[in-house]
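Asker: Got a structure for you, written out below as structure tokens; questions coming shortly.
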Amino acid sequence: YRVCPLGFLQELLGGVWRRTRLRKAQAGVSSSSAGMSEIGRRPDVGLGRRLFLSLVAGGAVGLTARQIYGKHYPIRPPGAIAEDKFTAVCSRCGNCVRACPKNIIFPDVGESGVAGLLTPILKIDPGYCAEWCNECTEVCPTGAVARLPLAAKNKIMIGTALVTKRHCLAWDRGQVCMVCEEYCPYFAINIVKNDEVLCPEVDSEKCTGCGLCQVVCPAETKAIVVHGKPQMKLTRQEL
């Protein structure tokens, strides 16, 4: 069971506002009773304040990180419109979050900056964006995520997997491991030789960023990880 993040935040802040008004209305009745009621309500007001400050702080951290380390693209549901429009069009309703059978879509609390608070982002591992699923593309009420048939959804590149060689069992340790290549549903992992050891290399032209390779990677620190990228619109022929 999941709660709509926007509705939860609205209800929480609305409750704080109602309690504040009630406290002001009761302030003139008696100083003692007003003091008692204020004590009883402080935890709720404090909760709302802490939640608000946490969201703002998370957004600020995400924004600062992008300024320091360069442009960063969150991994959006397949079919998401351009990032600069997505944060304005998305209603934060949580439909795509609830629809995902792999439970990998979450409300953002800072990765895409203040403008992207509570918008949906994908977090790969332990689940991945399955090639047999397009549920999230069927439920968006605003058009922030396009409605796509399954075949078209599987052509959308939501990100690109990158291999970190120093973490890879094959590249770094010379061990026999091509698990990512074996599982990739899009045949996007090429096999190259390094000192006669077979090693993985991602074909960025084929990789959709589904994340299955990241999920199955047996390295202690994941050696292959999906990074977000702007999604290209499909042509009419591709649709």
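FYI, nothing fancy with the structure tokens labels: chains A, B, ... in order, residues from 1 per chain, ligands from 1 as they appear.
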Residues at most 12 Å from segment 102-104 of chain A, counting only C-alpha atoms, excluding those fewer than 5 positions away in the same chain, as number ranges by chain?
Answerer: A: 1-2, 75-77, 96-97, 120-136, 210-212, 215
Asker: Which of these, A:Leu234, A:Thr137, A:Leu148, A:Tyr73, has the shortest distance to Gly116 of chain A once you count only C-alpha atoms?
Answerer: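 Between A:Leu234, A:Thr137, A:Leu148, A:Tyr73, the residue approaching Gly116 of chain A most closely is A:Tyr73.
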Asker: Can you tell me, as a ChimeraX atom specification, what residues are no more than 12 Å from Cys217 of chain A when counting only C-alpha atoms, ignoring any on the same chain fewer than 3 positions away?
Answerer: /A:125-126,161,163-164,167-170,177-184,200,211-214,220-226
Asker: Write out as a tab-separated table (two decimals) with all heavy atoms, in the first residue's frame each polymer residue whose atoms come within 12 Å of Glu205 of chain A, counting only C-alpha atoms; drop sequence neighbours fewer than 5 positions from it.
Answerer:
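Resulting contents of around-v7.tsv:
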chain	number	residue	atom	x	y	z
A	155	LYS	N	11.55	0.74	-26.67
A	155	LYS	CA	12.52	1.46	-27.49
A	155	LYS	C	13.01	2.74	-26.82
A	155	LYS	O	13.95	3.37	-27.29
A	155	LYS	CB	11.91	1.80	-28.85
A	155	LYS	CG	11.58	0.58	-29.71
A	155	LYS	CD	10.92	1.00	-31.01
A	155	LYS	CE	10.55	-0.21	-31.86
A	155	LYS	NZ	9.84	0.19	-33.10
A	156	ILE	N	12.34	3.10	-25.73
A	156	ILE	CA	12.72	4.31	-25.01
A	156	ILE	C	13.98	4.05	-24.18
A	156	ILE	O	14.07	3.07	-23.44
A	156	ILE	CB	11.59	4.76	-24.06
A	156	ILE	CG1	10.36	5.19	-24.86
A	156	ILE	CG2	12.06	5.89	-23.16
A	156	ILE	CD1	10.52	6.50	-25.59
A	157	MET	N	14.95	4.94	-24.29
A	157	MET	CA	16.18	4.83	-23.51
A	157	MET	C	16.07	5.76	-22.30
A	157	MET	O	16.19	6.98	-22.44
A	157	MET	CB	17.39	5.19	-24.36
A	157	MET	CG	17.64	4.21	-25.50
A	157	MET	SD	19.11	4.66	-26.46
A	157	MET	CE	19.17	3.28	-27.62
A	159	GLY	N	18.03	5.61	-19.72
A	159	GLY	CA	19.37	5.81	-19.19
A	159	GLY	C	20.36	4.93	-19.93
A	159	GLY	O	20.02	4.26	-20.90
A	160	THR	N	21.59	4.93	-19.46
A	160	THR	CA	22.63	4.09	-20.05
A	160	THR	C	23.44	3.45	-18.92
A	160	THR	O	23.83	4.12	-17.97
A	160	THR	CB	23.59	4.92	-20.92
A	160	THR	OG1	22.85	5.56	-21.96
A	160	THR	CG2	24.65	4.03	-21.55
A	161	ALA	N	23.67	2.16	-19.06
A	161	ALA	CA	24.49	1.44	-18.08
A	161	ALA	C	25.96	1.71	-18.37
A	161	ALA	O	26.39	1.72	-19.52
A	161	ALA	CB	24.20	-0.05	-18.14
A	186	TYR	N	18.20	-6.77	-24.02
A	186	TYR	CA	18.32	-5.96	-25.23
A	186	TYR	C	19.64	-6.22	-25.97
A	186	TYR	O	19.96	-5.51	-26.92
A	186	TYR	CB	18.20	-4.47	-24.88
A	186	TYR	CG	16.87	-4.13	-24.27
A	186	TYR	CD1	16.73	-4.02	-22.88
A	186	TYR	CD2	15.74	-3.96	-25.05
A	186	TYR	CE1	15.50	-3.72	-22.30
A	186	TYR	CE2	14.51	-3.66	-24.49
A	186	TYR	CZ	14.39	-3.55	-23.11
A	186	TYR	OH	13.17	-3.27	-22.56
A	187	PHE	N	20.38	-7.24	-25.54
A	187	PHE	CA	21.65	-7.61	-26.17
A	187	PHE	C	22.58	-6.40	-26.31
A	187	PHE	O	23.20	-6.18	-27.35
A	187	PHE	CB	21.39	-8.25	-27.55
A	187	PHE	CG	20.43	-9.41	-27.51
A	187	PHE	CD1	19.10	-9.25	-27.88
A	187	PHE	CD2	20.84	-10.66	-27.06
A	187	PHE	CE1	18.21	-10.30	-27.82
A	187	PHE	CE2	19.95	-11.72	-27.00
A	187	PHE	CZ	18.63	-11.54	-27.38
A	188	ALA	N	22.65	-5.62	-25.24
A	188	ALA	CA	23.41	-4.38	-25.25
A	188	ALA	C	24.78	-4.50	-24.60
A	188	ALA	O	25.48	-3.51	-24.45
A	188	ALA	CB	22.61	-3.28	-24.56
A	189	ILE	N	25.17	-5.72	-24.20
A	189	ILE	CA	26.48	-5.93	-23.58
A	189	ILE	C	27.38	-6.67	-24.56
A	189	ILE	O	27.08	-7.81	-24.95
A	189	ILE	CB	26.38	-6.74	-22.27
A	189	ILE	CG1	25.36	-6.12	-21.32
A	189	ILE	CG2	27.75	-6.86	-21.62
A	189	ILE	CD1	25.75	-4.76	-20.77
A	190	ASN	N	28.43	-6.02	-24.98
A	190	ASN	CA	29.41	-6.65	-25.87
A	190	ASN	C	30.48	-7.36	-25.05
A	190	ASN	O	30.76	-6.99	-23.90
A	190	ASN	CB	30.07	-5.61	-26.78
A	190	ASN	CG	29.07	-4.99	-27.74
A	190	ASN	OD1	28.11	-5.63	-28.16
A	190	ASN	ND2	29.29	-3.73	-28.09
Asker: Please measure the separation of atom CA of Arg92 of chain A and atom CA of Thr119 of chain A, giving the value in Å to one decimal.
Answerer: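 Here the two named atoms are 5.4 Å from each other.
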Asker: Just to confirm, what's the straight-line distance from atom CA of Cys100 of chain A to atom CA of Gly79 of chain A in Å (one decimal)?
Answerer: 14.0 Å
Asker: Check the smallest atom-to-atom distance from each of A:Gly113, A:Ser204, A:Asn95, A:Pro107 to Val145 of chain A using only C-alpha atoms, then report the winner.
Answerer: A:Asn95
Asker: Atom CA of Ile158 of chain A to atom CA of Pro101 of chain A: how many Å, to one decimal?
Answerer: 17.5 Å
